[in-house]
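Please read the structure below before turning to the comments.
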Amino acid sequence: EAGVAQSPRYKIIEKRQSVAFWCNPISGHATLYWYQQILGQGPKLLIQFQNNGVVDDSQLPKDRFSAERLKGVDSTLKIQPAKLEDSAVYLCASSWAGGMGTEAFFGQGTRLTVV
Amino acid sequence: GENVEQHPSTLSVQEGDSAVIKCTYSDSASNYFPWYKQELGKGPQLIIDIRSNVGEKKDQRIAVTLNKTAKHFSLHITETQPEDSAVYFCAASRGGGFKTIFGAGTRLFVKA
């Protein structure tokens, strides 16, 4: 089975520029997550979708970050404008929604460097 | 807010020895506890998980224990091999992956 696909793998931008990341989850997975992983830290959940609805976006900096999953499949995460502290790996994950505790499958991530 | 503490941050063992990583969580509503292994340049990969109705689970050289009263859970790797070298993350979540909180990670080095 194909895994979670993310693009691009790497991105370097200047501060105050905008950037977008794309994620294609595993086919049939209703739940999609975006995580931010700063170097040396564990992943931090930014937003969780169930189909095309938002379940949790409590840690998403909404003044600069936005995410959408319009058709309940692919998702994009955007940062506008970027700050130096946004430098991190952005991980997308998906899981089959159902029951108590389901395994999340992660993509390889997009490494963002803001200079 | 909810928090997961993980220690040690770095662990170095000799090949063949055992490795133990410990985590504590604060959200008493957590009922699913996965462990992930992350190799350089890759996303985290699930290696084992445990649910709140179980106290212990084993899969070959890997075992996880859960103490819900103390809000502790641990990962045990026996007969470590060089390919076990990676960063390991514990996590705690409510049902359906909701409110998944990760620990800060443990970098495991297995010396041949």
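We name chains A, B, ... following the order of the structure tokens; residues begin at 1 in each chain, and ligands are numbered from 1 as shown.
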Exercise for the section: Using only C-alpha atoms, determine which residues of chain B fall within 12 Å of chain A; present them as a ChimeraX atom specification. Expected result: /B:1-6,9-10,29-53,87-107
Near Leu108 (chain B), counting only C-alpha atoms, which residues have an atom at most 12 Å away, once you skip same-chain residues fewer than 4 positions from it, shown as a CSV table (one decimal) with all heavy atoms, in the first residue's frame?
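Below you can see result-v9.csv, which holds the result:
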```csv
chain,number,residue,atom,x,y,z
B,7,HIS,N,12.1,10.3,29.3
B,7,HIS,CA,13.5,10.3,29.7
B,7,HIS,C,14.0,8.9,29.6
B,7,HIS,O,13.3,7.9,29.7
B,7,HIS,CB,13.7,10.9,31.1
B,7,HIS,CG,12.9,10.1,32.2
B,7,HIS,ND1,13.5,9.1,32.9
B,7,HIS,CD2,11.7,10.3,32.6
B,7,HIS,CE1,12.6,8.7,33.8
B,7,HIS,NE2,11.5,9.3,33.6
B,8,PRO,N,15.3,8.7,29.3
B,8,PRO,CA,16.3,9.8,29.2
B,8,PRO,C,16.2,10.4,27.8
B,8,PRO,O,15.6,9.9,26.9
B,8,PRO,CB,17.6,9.1,29.4
B,8,PRO,CG,17.4,7.7,28.8
B,8,PRO,CD,16.0,7.4,29.2
B,9,SER,N,16.9,11.5,27.6
B,9,SER,CA,16.9,12.2,26.3
B,9,SER,C,17.9,11.5,25.4
B,9,SER,O,17.8,11.5,24.2
B,9,SER,CB,17.3,13.7,26.5
B,9,SER,OG,18.5,13.8,27.1
B,10,THR,N,19.0,10.9,26.0
B,10,THR,CA,20.0,10.2,25.3
B,10,THR,C,20.3,8.9,26.0
B,10,THR,O,20.4,8.9,27.2
B,10,THR,CB,21.2,11.0,25.1
B,10,THR,OG1,20.9,12.2,24.5
B,10,THR,CG2,22.2,10.2,24.2
B,11,LEU,N,20.4,7.8,25.3
B,11,LEU,CA,20.7,6.5,25.9
B,11,LEU,C,21.7,5.7,25.0
B,11,LEU,O,21.5,5.6,23.8
B,11,LEU,CB,19.4,5.7,26.0
B,11,LEU,CG,19.5,4.3,26.6
B,11,LEU,CD1,20.1,4.4,28.0
B,11,LEU,CD2,18.1,3.7,26.6
B,12,SER,N,22.8,5.3,25.6
B,12,SER,CA,23.8,4.6,24.9
B,12,SER,C,24.0,3.2,25.5
B,12,SER,O,24.2,3.1,26.7
B,12,SER,CB,25.1,5.3,24.9
B,12,SER,OG,26.1,4.7,24.1
B,13,VAL,N,23.8,2.2,24.7
B,13,VAL,CA,24.0,0.8,25.2
B,13,VAL,C,24.9,0.0,24.3
B,13,VAL,O,25.1,0.3,23.2
B,13,VAL,CB,22.6,0.1,25.3
B,13,VAL,CG1,21.7,0.9,26.3
B,13,VAL,CG2,21.9,-0.1,24.0
B,14,GLN,N,25.4,-1.1,24.9
B,14,GLN,CA,26.2,-2.0,24.1
B,14,GLN,C,25.3,-3.0,23.4
B,14,GLN,O,24.2,-3.4,23.9
B,14,GLN,CB,27.1,-2.8,25.1
B,14,GLN,CG,28.4,-3.3,24.4
B,14,GLN,CD,29.4,-2.3,24.0
B,14,GLN,OE1,29.5,-1.2,24.6
B,14,GLN,NE2,30.0,-2.5,22.8
B,15,GLU,N,25.7,-3.4,22.2
B,15,GLU,CA,24.9,-4.4,21.4
B,15,GLU,C,24.6,-5.6,22.3
B,15,GLU,O,25.5,-6.1,23.0
B,15,GLU,CB,25.6,-4.8,20.2
B,15,GLU,CG,24.9,-5.7,19.3
B,15,GLU,CD,25.6,-6.1,18.0
B,15,GLU,OE1,26.8,-5.6,17.9
B,15,GLU,OE2,25.1,-6.9,17.2
B,18,SER,N,19.9,-4.5,27.1
B,18,SER,CA,18.6,-4.0,27.0
B,18,SER,C,18.5,-2.4,27.2
B,18,SER,O,19.4,-1.8,27.7
B,18,SER,CB,17.7,-4.6,28.2
B,18,SER,OG,17.6,-6.0,28.0
B,19,ALA,N,17.5,-1.9,26.6
B,19,ALA,CA,17.3,-0.4,26.7
B,19,ALA,C,15.9,-0.2,27.2
B,19,ALA,O,14.9,-0.8,26.8
B,19,ALA,CB,17.4,0.2,25.3
B,20,VAL,N,15.8,0.8,28.1
B,20,VAL,CA,14.5,1.2,28.7
B,20,VAL,C,14.2,2.7,28.6
B,20,VAL,O,15.1,3.4,29.0
B,20,VAL,CB,14.3,0.7,30.2
B,20,VAL,CG1,13.0,1.1,30.8
B,20,VAL,CG2,14.6,-0.8,30.4
B,21,ILE,N,13.1,3.0,28.1
B,21,ILE,CA,12.7,4.4,28.0
B,21,ILE,C,11.4,4.6,28.7
B,21,ILE,O,10.5,3.8,28.6
B,21,ILE,CB,12.6,4.8,26.5
B,21,ILE,CG1,13.8,4.6,25.7
B,21,ILE,CG2,12.1,6.3,26.4
B,21,ILE,CD1,13.7,4.7,24.2
B,37,LYS,N,9.4,5.1,16.2
B,37,LYS,CA,10.9,5.1,15.9
B,37,LYS,C,11.1,6.1,14.7
B,37,LYS,O,10.4,6.0,13.7
B,37,LYS,CB,11.3,3.7,15.6
B,37,LYS,CG,12.8,3.6,15.2
B,37,LYS,CD,13.1,2.2,14.8
B,37,LYS,CE,14.6,2.0,14.4
B,37,LYS,NZ,14.9,0.6,14.0
B,38,GLN,N,12.0,7.0,14.9
B,38,GLN,CA,12.3,7.9,13.8
B,38,GLN,C,13.8,7.9,13.4
B,38,GLN,O,14.6,8.2,14.2
B,38,GLN,CB,11.9,9.4,14.2
B,38,GLN,CG,12.0,10.3,13.0
B,38,GLN,CD,11.5,11.7,13.3
B,38,GLN,OE1,11.5,12.2,14.4
B,38,GLN,NE2,11.0,12.4,12.3
B,39,GLU,N,14.0,7.5,12.2
B,39,GLU,CA,15.4,7.4,11.6
B,39,GLU,C,15.6,8.7,10.9
B,39,GLU,O,14.7,9.4,10.5
B,39,GLU,CB,15.5,6.2,10.7
B,39,GLU,CG,15.4,4.9,11.5
B,39,GLU,CD,15.4,3.7,10.7
B,39,GLU,OE1,14.9,3.7,9.5
B,39,GLU,OE2,16.0,2.7,11.1
B,77,ILE,N,13.4,-2.6,25.1
B,77,ILE,CA,14.0,-3.3,24.0
B,77,ILE,C,15.1,-4.2,24.5
B,77,ILE,O,16.0,-3.8,25.1
B,77,ILE,CB,14.6,-2.3,23.0
B,77,ILE,CG1,13.6,-1.2,22.6
B,77,ILE,CG2,15.1,-3.0,21.7
B,77,ILE,CD1,14.2,-0.1,21.7
B,80,THR,N,19.5,-5.6,22.1
B,80,THR,CA,19.6,-4.5,21.1
B,80,THR,C,20.6,-4.7,20.0
B,80,THR,O,21.6,-5.4,20.2
B,80,THR,CB,20.0,-3.2,21.9
B,80,THR,OG1,21.2,-3.4,22.6
B,80,THR,CG2,18.8,-2.7,22.8
B,81,GLN,N,20.3,-4.2,18.9
B,81,GLN,CA,21.1,-4.3,17.7
B,81,GLN,C,21.5,-2.9,17.1
B,81,GLN,O,20.7,-2.0,17.4
B,81,GLN,CB,20.4,-5.2,16.6
B,81,GLN,CG,20.0,-6.5,17.1
B,81,GLN,CD,19.0,-7.2,16.2
B,81,GLN,OE1,18.6,-6.7,15.2
B,81,GLN,NE2,18.6,-8.4,16.6
B,82,PRO,N,22.6,-2.8,16.4
B,82,PRO,CA,22.9,-1.5,15.9
B,82,PRO,C,21.8,-0.8,15.1
B,82,PRO,O,21.6,0.4,15.1
B,82,PRO,CB,24.1,-1.8,15.0
B,82,PRO,CG,24.8,-3.0,15.6
B,82,PRO,CD,23.6,-3.8,16.1
B,83,GLU,N,21.0,-1.6,14.4
B,83,GLU,CA,19.9,-1.0,13.6
B,83,GLU,C,18.7,-0.5,14.5
B,83,GLU,O,17.8,0.1,14.0
B,83,GLU,CB,19.3,-2.0,12.6
B,83,GLU,CG,19.0,-3.4,13.2
B,83,GLU,CD,20.1,-4.4,13.0
B,83,GLU,OE1,21.3,-4.0,13.2
B,83,GLU,OE2,19.8,-5.6,12.8
B,84,ASP,N,18.8,-0.7,15.8
B,84,ASP,CA,17.9,-0.1,16.7
B,84,ASP,C,18.2,1.3,17.0
B,84,ASP,O,17.4,2.1,17.6
B,84,ASP,CB,17.8,-0.9,18.0
B,84,ASP,CG,17.3,-2.3,17.9
B,84,ASP,OD1,16.4,-2.5,17.0
B,84,ASP,OD2,17.7,-3.2,18.7
B,85,SER,N,19.4,1.8,16.6
B,85,SER,CA,19.8,3.1,16.8
B,85,SER,C,18.9,4.1,16.1
B,85,SER,O,18.7,4.0,14.8
B,85,SER,CB,21.3,3.3,16.4
B,85,SER,OG,22.1,2.6,17.1
B,86,ALA,N,18.3,5.0,16.8
B,86,ALA,CA,17.3,5.9,16.2
B,86,ALA,C,16.8,6.8,17.3
B,86,ALA,O,17.2,6.7,18.5
B,86,ALA,CB,16.1,5.2,15.6
B,87,VAL,N,15.8,7.7,17.0
B,87,VAL,CA,15.2,8.5,18.0
B,87,VAL,C,13.8,7.8,18.3
B,87,VAL,O,13.1,7.5,17.3
B,87,VAL,CB,15.0,10.0,17.6
B,87,VAL,CG1,14.2,10.7,18.7
B,87,VAL,CG2,16.3,10.6,17.4
B,88,TYR,N,13.5,7.6,19.5
B,88,TYR,CA,12.2,7.0,19.9
B,88,TYR,C,11.3,8.0,20.6
B,88,TYR,O,11.8,8.8,21.5
B,88,TYR,CB,12.4,5.8,20.8
B,88,TYR,CG,13.1,4.7,20.1
B,88,TYR,CD1,14.5,4.6,19.9
B,88,TYR,CD2,12.4,3.6,19.6
B,88,TYR,CE1,15.1,3.6,19.2
B,88,TYR,CE2,13.0,2.5,18.9
B,88,TYR,CZ,14.4,2.6,18.7
B,88,TYR,OH,15.0,1.5,18.1
B,89,PHE,N,10.0,8.0,20.2
B,89,PHE,CA,9.1,9.0,20.8
B,89,PHE,C,7.9,8.2,21.4
B,89,PHE,O,7.4,7.2,20.8
B,89,PHE,CB,8.5,9.9,19.7
B,89,PHE,CG,9.4,10.9,19.2
B,89,PHE,CD1,10.0,10.6,17.9
B,89,PHE,CD2,9.7,12.0,19.8
B,89,PHE,CE1,10.9,11.5,17.4
B,89,PHE,CE2,10.6,13.0,19.3
B,89,PHE,CZ,11.2,12.7,18.1
```
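When only C-alpha atoms are used to measure the gap to Glu68 (chain A), the shortest distance among A:Pro8, A:Gly53, A:Pro25, A:Gly3 belongs to A:Gly53.
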Handout entry: Separation of CA of Thr113 (chain A) from CA of Phe109 (chain B), in Å and rounded to one decimal
Key =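 Taking CA of Thr113 (chain A) as the start and CA of Phe109 (chain B) as the end point, the length is 27.4 Å.
Nearest-residue note for Leu70 (chain A): choosing from A:Asp86, A:Lys15, A:Phe49, A:Asp57, the minimum distance belongs to A:Phe49, counting only C-alpha atoms.
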Practice task
Output as a list in words all residues of chain B that backbone DSSP marks as helix (DSSP H, G or I).
Solution key: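 Matching residues for helix (DSSP H, G or I) in chain B are Pro82, Glu83, Asp84, Gly95, Gly96 and Gly97 of chain B.
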Convert the current residue selection to file output with C-alpha atoms, as an mmCIF file, in the first residue's frame.
```cif
data_model
loop_
_atom_site.group_PDB
_atom_site.id
_atom_site.type_symbol
_atom_site.label_atom_id
_atom_site.label_comp_id
_atom_site.auth_asym_id
_atom_site.auth_seq_id
_atom_site.Cartn_x
_atom_site.Cartn_y
_atom_site.Cartn_z
ATOM 1 C CA PRO B 82 22.930 -1.490 15.862
ATOM 2 C CA GLU B 83 19.880 -1.024 13.619
ATOM 3 C CA ASP B 84 17.852 -0.121 16.721
ATOM 4 C CA GLY B 95 -9.725 7.998 21.394
ATOM 5 C CA GLY B 96 -9.242 8.223 17.657
ATOM 6 C CA GLY B 97 -5.896 9.937 17.944
#
```
Practice task
Among the residues of chain B, find those DSSP assigns to strand (DSSP E or B) from the backbone and print them as a VMD selection string.
Solution key: chain B and resid 4 to 7 10 to 14 19 to 25 32 to 38 45 to 51 56 to 59 62 to 67 72 to 77 86 to 93 101 to 102 106 to 111
